[in-house]
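Participant: This is the content of work.cif (mmCIF, C-alpha atoms):
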```cif
data_run
#
loop_
_atom_site.group_PDB
_atom_site.id
_atom_site.type_symbol
_atom_site.label_atom_id
_atom_site.label_comp_id
_atom_site.auth_asym_id
_atom_site.auth_seq_id
_atom_site.Cartn_x
_atom_site.Cartn_y
_atom_site.Cartn_z
ATOM 1 C CA MET E 1 132.992 95.901 111.543
ATOM 2 C CA LYS E 2 130.694 95.925 114.570
ATOM 3 C CA GLU E 3 130.436 92.816 116.701
ATOM 4 C CA GLU E 4 127.128 93.729 118.327
ATOM 5 C CA LEU E 5 124.273 96.024 117.327
ATOM 6 C CA ASP E 6 122.480 98.273 119.769
ATOM 7 C CA GLU E 7 118.696 98.222 120.179
ATOM 8 C CA LYS E 8 117.818 100.629 117.364
ATOM 9 C CA GLU E 9 120.299 99.042 114.960
ATOM 10 C CA SER E 10 118.928 95.589 115.812
ATOM 11 C CA GLU E 11 115.386 96.732 115.085
ATOM 12 C CA ILE E 12 116.463 98.219 111.749
ATOM 13 C CA LEU E 13 118.081 94.922 110.744
ATOM 14 C CA GLY E 14 114.894 93.053 111.659
ATOM 15 C CA ILE E 15 112.911 95.508 109.527
ATOM 16 C CA MET E 16 115.291 95.109 106.598
ATOM 17 C CA PHE E 17 115.188 91.302 106.812
ATOM 18 C CA GLY E 18 111.401 91.566 106.785
ATOM 19 C CA ASP E 19 110.348 94.048 104.102
ATOM 20 C CA GLY E 20 113.576 95.840 103.240
ATOM 21 C CA SER E 21 116.019 95.743 100.365
ATOM 22 C CA VAL E 22 119.406 97.144 99.401
ATOM 23 C CA ARG E 23 119.877 97.406 95.643
ATOM 24 C CA PRO E 24 122.748 98.736 93.557
ATOM 25 C CA THR E 25 122.244 101.734 91.285
ATOM 26 C CA LEU E 26 124.705 103.330 88.858
ATOM 27 C CA ARG E 27 126.292 105.515 91.515
ATOM 28 C CA SER E 28 125.048 104.366 94.902
ATOM 29 C CA LEU E 29 122.972 101.869 96.864
ATOM 30 C CA LYS E 30 119.223 102.260 97.280
ATOM 31 C CA ILE E 31 117.750 101.348 100.657
ATOM 32 C CA GLU E 32 114.024 100.589 100.644
ATOM 33 C CA VAL E 33 111.377 99.422 103.084
ATOM 34 C CA SER E 34 107.992 98.506 101.651
ATOM 35 C CA GLY E 35 104.510 98.057 103.074
ATOM 36 C CA HIS E 36 100.794 98.612 102.583
ATOM 37 C CA LYS E 37 100.034 102.228 101.732
ATOM 38 C CA VAL E 38 97.165 102.365 104.233
ATOM 39 C CA ASP E 39 97.891 99.806 106.960
ATOM 40 C CA ASP E 40 101.633 100.507 107.188
ATOM 41 C CA ARG E 41 101.758 104.190 106.244
ATOM 42 C CA ASP E 42 102.048 105.634 109.751
ATOM 43 C CA TYR E 43 104.549 102.972 110.768
ATOM 44 C CA LEU E 44 106.790 103.576 107.741
ATOM 45 C CA LEU E 45 106.600 107.371 107.732
ATOM 46 C CA GLY E 46 106.838 107.706 111.490
ATOM 47 C CA HIS E 47 108.628 104.868 113.246
ATOM 48 C CA VAL E 48 110.836 103.406 110.511
ATOM 49 C CA SER E 49 111.819 106.756 109.015
ATOM 50 C CA GLY E 50 112.602 107.958 112.531
ATOM 51 C CA LEU E 51 114.914 105.016 113.193
ATOM 52 C CA PHE E 52 116.887 105.614 109.990
ATOM 53 C CA ARG E 53 117.171 109.306 110.803
ATOM 54 C CA GLU E 54 118.370 108.668 114.370
ATOM 55 C CA VAL E 55 120.812 105.871 113.555
ATOM 56 C CA PHE E 56 122.182 106.951 110.178
ATOM 57 C CA GLY E 57 121.098 110.581 109.766
ATOM 58 C CA LEU E 58 119.296 109.364 106.649
ATOM 59 C CA LYS E 59 116.097 110.952 105.358
ATOM 60 C CA MET E 60 113.749 108.333 103.929
ATOM 61 C CA ARG E 61 111.369 109.535 101.216
ATOM 62 C CA PRO E 62 107.960 107.994 100.447
ATOM 63 C CA TYR E 63 106.855 106.635 97.091
ATOM 64 C CA TYR E 64 103.340 105.377 96.428
ATOM 65 C CA ARG E 65 102.979 102.829 93.651
ATOM 66 C CA ARG E 66 100.231 103.729 91.227
ATOM 67 C CA LYS E 67 97.317 101.306 90.899
ATOM 68 C CA GLU E 68 98.735 99.239 93.776
ATOM 69 C CA ASN E 69 98.091 99.139 97.504
ATOM 70 C CA SER E 70 101.799 99.311 98.320
ATOM 71 C CA MET E 71 104.271 102.037 99.150
ATOM 72 C CA VAL E 72 107.975 102.276 99.894
ATOM 73 C CA ILE E 73 110.215 104.610 101.800
ATOM 74 C CA TYR E 74 113.678 104.930 100.315
ATOM 75 C CA ALA E 75 117.012 106.707 100.365
ATOM 76 C CA TYR E 76 120.307 106.473 98.495
ATOM 77 C CA SER E 77 123.515 105.904 100.460
ATOM 78 C CA GLN E 78 126.541 103.817 99.588
ATOM 79 C CA GLN E 79 127.831 104.071 103.146
ATOM 80 C CA VAL E 80 124.591 102.987 104.850
ATOM 81 C CA GLY E 81 123.950 100.238 102.311
ATOM 82 C CA LEU E 82 127.409 98.770 102.906
ATOM 83 C CA GLU E 83 127.004 98.976 106.669
ATOM 84 C CA LEU E 84 123.689 97.110 106.465
ATOM 85 C CA HIS E 85 125.447 94.550 104.284
ATOM 86 C CA GLU E 86 128.148 94.100 106.938
ATOM 87 C CA TRP E 87 125.375 93.356 109.430
ATOM 88 C CA GLY E 88 124.043 90.577 107.172
ATOM 89 C CA MET E 89 121.659 92.311 104.760
ATOM 90 C CA PRO E 90 122.243 91.096 101.186
ATOM 91 C CA ILE E 91 122.749 93.533 98.332
ATOM 92 C CA GLY E 92 120.260 92.645 95.624
ATOM 93 C CA SER E 93 117.681 89.868 95.862
ATOM 94 C CA LYS E 94 117.045 88.230 99.230
ATOM 95 C CA VAL E 95 115.487 85.136 97.645
ATOM 96 C CA ARG E 96 118.612 82.948 97.621
ATOM 97 C CA ALA E 97 120.494 84.773 100.363
ATOM 98 C CA ILE E 98 121.210 83.386 103.818
ATOM 99 C CA LEU E 99 119.204 85.782 105.973
ATOM 100 C CA VAL E 100 120.975 85.488 109.303
ATOM 101 C CA PRO E 101 122.731 88.387 111.051
ATOM 102 C CA ARG E 102 126.520 88.449 110.822
ATOM 103 C CA VAL E 103 126.682 90.328 114.111
ATOM 104 C CA SER E 104 125.091 89.859 117.524
ATOM 105 C CA VAL E 105 121.708 91.533 117.847
ATOM 106 C CA LYS E 106 119.508 92.606 120.729
ATOM 107 C CA THR E 107 116.817 89.947 120.713
ATOM 108 C CA VAL E 108 113.641 91.895 121.494
ATOM 109 C CA PRO E 109 114.125 94.830 119.082
ATOM 110 C CA PHE E 110 115.267 92.508 116.279
ATOM 111 C CA ILE E 111 112.129 90.397 116.709
ATOM 112 C CA ARG E 112 110.039 93.577 116.896
ATOM 113 C CA GLY E 113 111.392 94.831 113.567
ATOM 114 C CA LEU E 114 110.885 91.470 111.901
ATOM 115 C CA PHE E 115 107.381 90.982 113.287
ATOM 116 C CA ASP E 116 106.264 94.512 112.420
ATOM 117 C CA THR E 117 107.146 93.886 108.767
ATOM 118 C CA ASP E 118 106.942 90.130 108.167
ATOM 119 C CA GLY E 119 104.617 88.930 110.910
ATOM 120 C CA CYS E 120 100.917 89.063 111.625
ATOM 121 C CA ILE E 121 98.387 88.437 114.355
ATOM 122 C CA TYR E 122 94.914 87.133 113.674
ATOM 123 C CA ARG E 123 91.977 85.297 115.192
ATOM 124 C CA LYS E 124 92.544 81.601 115.800
ATOM 125 C CA TYR E 125 88.934 81.111 116.893
ATOM 126 C CA GLY E 126 86.572 83.113 119.061
ATOM 127 C CA PRO E 127 88.449 85.686 121.166
ATOM 128 C CA TYR E 128 91.765 83.853 120.775
ATOM 129 C CA ALA E 129 94.663 85.300 118.819
ATOM 130 C CA GLN E 130 97.581 83.623 117.061
ATOM 131 C CA VAL E 131 100.963 85.110 116.100
ATOM 132 C CA GLN E 132 102.530 84.118 112.793
ATOM 133 C CA PHE E 133 105.983 84.683 111.330
ATOM 134 C CA LYS E 134 106.349 83.970 107.616
ATOM 135 C CA SER E 135 109.239 84.384 105.175
ATOM 136 C CA ALA E 136 110.732 82.956 102.003
ATOM 137 C CA SER E 137 113.876 82.272 104.032
ATOM 138 C CA ARG E 138 114.007 79.067 106.088
ATOM 139 C CA ASP E 139 117.239 80.295 107.697
ATOM 140 C CA LEU E 140 115.557 83.465 108.914
ATOM 141 C CA MET E 141 112.572 81.588 110.327
ATOM 142 C CA ASN E 142 114.825 79.125 112.162
ATOM 143 C CA TYR E 143 116.897 82.009 113.526
ATOM 144 C CA ALA E 144 113.849 84.010 114.673
ATOM 145 C CA ARG E 145 112.293 80.925 116.234
ATOM 146 C CA GLY E 146 115.517 80.291 118.146
ATOM 147 C CA LEU E 147 115.514 83.836 119.504
ATOM 148 C CA LEU E 148 111.932 83.431 120.708
ATOM 149 C CA VAL E 149 112.812 80.153 122.396
ATOM 150 C CA SER E 150 115.659 81.975 124.174
ATOM 151 C CA LEU E 151 113.041 84.393 125.520
ATOM 152 C CA GLY E 152 111.028 81.504 126.961
ATOM 153 C CA PHE E 153 108.402 81.174 124.227
ATOM 154 C CA ARG E 154 107.320 77.832 122.772
ATOM 155 C CA PRO E 155 106.653 78.447 119.073
ATOM 156 C CA THR E 156 105.622 75.680 116.700
ATOM 157 C CA ALA E 157 108.135 74.035 114.405
ATOM 158 C CA VAL E 158 108.985 75.837 111.161
ATOM 159 C CA ILE E 159 106.897 74.421 108.323
ATOM 160 C CA LYS E 160 106.789 75.087 104.589
ATOM 161 C CA ASP E 161 103.719 76.668 103.021
ATOM 162 C CA GLU E 162 103.987 76.700 99.214
ATOM 163 C CA SER E 163 107.068 78.884 98.624
ATOM 164 C CA ARG E 164 107.372 80.252 102.165
ATOM 165 C CA PHE E 165 108.294 79.068 105.637
ATOM 166 C CA LYS E 166 106.349 79.898 108.775
ATOM 167 C CA PHE E 167 105.822 79.180 112.445
ATOM 168 C CA TYR E 168 103.281 80.221 115.057
ATOM 169 C CA ILE E 169 102.863 81.190 118.666
ATOM 170 C CA CYS E 170 99.523 79.627 119.528
ATOM 171 C CA ARG E 171 99.095 79.424 123.303
ATOM 172 C CA GLN E 172 96.969 82.385 124.354
ATOM 173 C CA VAL E 173 99.063 83.138 127.430
ATOM 174 C CA GLU E 174 102.149 83.275 125.201
ATOM 175 C CA VAL E 175 100.423 85.505 122.635
ATOM 176 C CA VAL E 176 99.589 87.992 125.392
ATOM 177 C CA ARG E 177 103.151 87.772 126.706
ATOM 178 C CA PHE E 178 104.523 88.240 123.174
ATOM 179 C CA ILE E 179 102.636 91.527 122.827
ATOM 180 C CA ARG E 180 103.820 92.663 126.261
ATOM 181 C CA VAL E 181 107.486 91.692 125.771
ATOM 182 C CA ILE E 182 108.039 92.515 122.088
ATOM 183 C CA ARG E 183 105.885 95.679 122.074
ATOM 184 C CA PRO E 184 105.100 95.896 118.326
ATOM 185 C CA ALA E 185 105.635 99.390 116.913
ATOM 186 C CA ASN E 186 103.304 98.876 113.935
ATOM 187 C CA LYS E 187 99.896 99.901 115.242
ATOM 188 C CA LYS E 188 98.033 97.576 112.856
ATOM 189 C CA HIS E 189 99.164 94.609 114.958
ATOM 190 C CA MET E 190 97.892 96.159 118.185
ATOM 191 C CA GLU E 191 94.596 97.079 116.566
ATOM 192 C CA ARG E 192 94.096 93.519 115.304
ATOM 193 C CA PHE E 193 95.032 92.070 118.686
ATOM 194 C CA LYS E 194 92.521 94.285 120.482
ATOM 195 C CA ALA E 195 89.846 93.441 117.893
ATOM 196 C CA VAL E 196 90.380 89.710 118.435
ATOM 197 C CA LEU E 197 90.108 90.083 122.195
ATOM 198 C CA LYS E 198 86.823 91.937 121.764
ATOM 199 C CA GLY E 199 85.535 89.146 119.507
ATOM 200 C CA PHE E 200 85.130 91.297 116.374
#
```
Show me, as structure tokens, the structure contained in the file I just sent.
Facilitator:
Amino acid sequence: MKEELDEKESEILGIMFGDGSVRPTLRSLKIEVSGHKVDDRDYLLGHVSGLFREVFGLKMRPYYRRKENSMVIYAYSQQVGLELHEWGMPIGSKVRAILVPRVSVKTVPFIRGLFDTDGCIYRKYGPYAQVQFKSASRDLMNYARGLLVSLGFRPTAVIKDESRFKFYICRQVEVVRFIRVIRPANKKHMERFKAVLKGF
């Protein structure tokens, strides 16, 4: 078992903790990453699929859910599913799982993967943006917040919102630094950030 993930592996684990799943089938394990079929399409088909191909040699296939705005990319691999599980990704439902890596991760790419899938950026007021992380897992939010603190950010405390847990980066100078340091790979976040700055 690995003790530390490299940058691409760390980003994949962040992605999987965000909008990924590993589920058992009759003969294998199914790895999926889900998203919006319009907003996340380029990110899933380009960036995420590329990471899985480079790291695991795995070809992710797209599936568009009928009468829904969602899509998934998926592949079957017992070997890859078990390796992701060794890193800390649960097999089956993530709802009651402890979502914390079992190995050391590279901080920036892990946060990038998590933010690209489970985070958002939006207008706080006027031309001021706010970064939000939100998940059903309190453990994951506490872990991610701790990583951001280690990078010098000052996020809010983790709070509960109905069935989910969330925290924010609110100071405008920190939001700008977050974009510069983390470098989101999902273009929807950059587009929203630019729109907020322009006051749209």
Participant: Within 12 Å of (117.6, 112.2, 106.5) (coordinates as in the file), grab all the protein and nucleic acid residues, counting only C-alpha atoms, and write them out as a list in words.
Facilitator: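 The residues that fall inside the cut-off are Val48, Ser49, Gly50, Leu51, Phe52, Arg53, Glu54, Val55, Phe56, Gly57, Leu58, Lys59, Met60, Arg61, Ile73, Tyr74, Ala75, Tyr76, Ser77 and Val80 of chain E.
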Participant: Using all atoms listed in the file, what does the table of region 22-120 of chain E residues within 6 Å of region 8-18 of chain E look like, with each row giving the shortest atom pair and its distance in Å to one decimal, sorted by chain and ascending number, as JSON lines?
Facilitator:
```
{"residue": "E:Val105", "atom": "CA", "partner": "E:Ser10", "partner_atom": "CA", "distance": 5.3}
{"residue": "E:Lys106", "atom": "CA", "partner": "E:Ser10", "partner_atom": "CA", "distance": 5.8}
{"residue": "E:Pro109", "atom": "CA", "partner": "E:Glu11", "partner_atom": "CA", "distance": 4.6}
{"residue": "E:Phe110", "atom": "CA", "partner": "E:Glu11", "partner_atom": "CA", "distance": 4.4}
{"residue": "E:Gly113", "atom": "CA", "partner": "E:Gly14", "partner_atom": "CA", "distance": 4.4}
{"residue": "E:Leu114", "atom": "CA", "partner": "E:Gly14", "partner_atom": "CA", "distance": 4.3}
{"residue": "E:Thr117", "atom": "CA", "partner": "E:Gly18", "partner_atom": "CA", "distance": 5.2}
{"residue": "E:Asp118", "atom": "CA", "partner": "E:Gly18", "partner_atom": "CA", "distance": 4.9}
```
Participant: For CA of Leu148 (chain E) and CA of Leu99 (chain E), quote the distance in Å rounded to one decimal.
Facilitator: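 These atoms are spaced 16.6 Å apart.
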Participant: Applying 6 Å and only C-alpha atoms, which residues near Tyr168 (chain E) remain after dropping the ones on its own chain fewer than 2 positions away? List them as a ChimeraX atom specification.
Facilitator: /E:131-132,155-156,170
Participant: Calculate how many Å separate CA of Tyr125 (chain E) from CA of Asp39 (chain E), rounding to one decimal.
Facilitator: 23.0 Å
Participant: What do you get, as a VMD selection string, if you spell out every residue that the PyMOL selection byres ((chain E and resi 94-97) around 8) selects here?
Facilitator: chain E and resid 21 90 to 93 98 to 99 136 to 137
Participant: Identify all residues satisfying the PyMOL selection byres ((chain E and resi 186) around 8) in the given file; provide them as a ChimeraX atom specification.
Facilitator: /E:40,43,116,184-185,187-190
Participant: Considering all atoms listed in the file, can you say which of E:Arg177, E:Lys30, E:His36, E:Arg23 comes closest to Leu151 (chain E)?
Facilitator: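 Checking each candidate against Leu151 (chain E), we get E:Arg177 as the closest.
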Participant: How many Å lie between CA of Met71 (chain E) and CA of Val33 (chain E), rounded to one decimal?
Facilitator: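 Rounded to one decimal, the two atoms are 8.5 Å apart.
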Participant: Step by step, work through what the PyMOL selection byres ((chain E and resi 100) around 7) selects in the shown file, and finish by giving those residues as a list in words.
Facilitator: Gly88, Ile98, Leu99, Pro101, Arg102, Asp139, Leu140 and Tyr143 of chain E
Participant: Restricting the calculation to all atoms listed in the file, which member of E:His47, E:Arg183, E:Arg138, E:Arg65 is positioned closest to Phe165 (chain E)?
Facilitator: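 For Phe165 (chain E), the nearest of the given residues is E:Arg138.
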Participant: From the set E:Arg154, E:Ser135, E:Ser28, E:Val38, which residue has the shortest atom-to-atom contact distance to Glu68 (chain E), counting only C-alpha atoms?
Facilitator: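 Among the listed residues, the smallest separation from Glu68 (chain E) belongs to E:Val38.
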Participant: Using all atoms listed in the file, list the residues that have an atom at most 12 Å from (98.7, 86.2, 125.6), coordinates as in the file, as a list in words.
Facilitator: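 Applying the cut-off with all atoms listed in the file, one gets Ile121, Pro127, Tyr128, Ala129, Gln130, Val131, Phe153, Ile169, Cys170, Arg171, Gln172, Val173, Glu174, Val175, Val176, Arg177, Phe178, Ile179, Arg180, Val181, Ile182, Phe193, Lys194, Val196 and Leu197 of chain E.
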Participant: Those residues with C-alpha atoms, as a PDB file, keeping the file's coordinate frame please?
Facilitator:
```
ATOM      1  CA  ILE E 121      98.387  88.437 114.355  1.00  0.00           C
ATOM      2  CA  PRO E 127      88.449  85.686 121.166  1.00  0.00           C
ATOM      3  CA  TYR E 128      91.765  83.853 120.775  1.00  0.00           C
ATOM      4  CA  ALA E 129      94.663  85.300 118.819  1.00  0.00           C
ATOM      5  CA  GLN E 130      97.581  83.623 117.061  1.00  0.00           C
ATOM      6  CA  VAL E 131     100.963  85.110 116.100  1.00  0.00           C
ATOM      7  CA  PHE E 153     108.402  81.174 124.227  1.00  0.00           C
ATOM      8  CA  ILE E 169     102.863  81.190 118.666  1.00  0.00           C
ATOM      9  CA  CYS E 170      99.523  79.627 119.528  1.00  0.00           C
ATOM     10  CA  ARG E 171      99.095  79.424 123.303  1.00  0.00           C
ATOM     11  CA  GLN E 172      96.969  82.385 124.354  1.00  0.00           C
ATOM     12  CA  VAL E 173      99.063  83.138 127.430  1.00  0.00           C
ATOM     13  CA  GLU E 174     102.149  83.275 125.201  1.00  0.00           C
ATOM     14  CA  VAL E 175     100.423  85.505 122.635  1.00  0.00           C
ATOM     15  CA  VAL E 176      99.589  87.992 125.392  1.00  0.00           C
ATOM     16  CA  ARG E 177     103.151  87.772 126.706  1.00  0.00           C
ATOM     17  CA  PHE E 178     104.523  88.240 123.174  1.00  0.00           C
ATOM     18  CA  ILE E 179     102.636  91.527 122.827  1.00  0.00           C
ATOM     19  CA  ARG E 180     103.820  92.663 126.261  1.00  0.00           C
ATOM     20  CA  VAL E 181     107.486  91.692 125.771  1.00  0.00           C
ATOM     21  CA  ILE E 182     108.039  92.515 122.088  1.00  0.00           C
ATOM     22  CA  PHE E 193      95.032  92.070 118.686  1.00  0.00           C
ATOM     23  CA  LYS E 194      92.521  94.285 120.482  1.00  0.00           C
ATOM     24  CA  VAL E 196      90.380  89.710 118.435  1.00  0.00           C
ATOM     25  CA  LEU E 197      90.108  90.083 122.195  1.00  0.00           C
TER      26      LEU E 197
END
```
Participant: Find, counting all atoms listed in the file, the residue in E:Arg27, E:Lys134, E:Arg192, E:Lys37 that gets nearest to Phe115 (chain E).
Facilitator: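 The shortest atom-to-atom distance to Phe115 (chain E) comes from E:Lys134.
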Participant: Which is closest to Val149 (chain E) among E:Gln78, E:Ser34, E:Thr107, E:Ser70, if we use only C-alpha atoms?
Facilitator: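 Ranked by minimum distance to Val149 (chain E), first place goes to E:Thr107.
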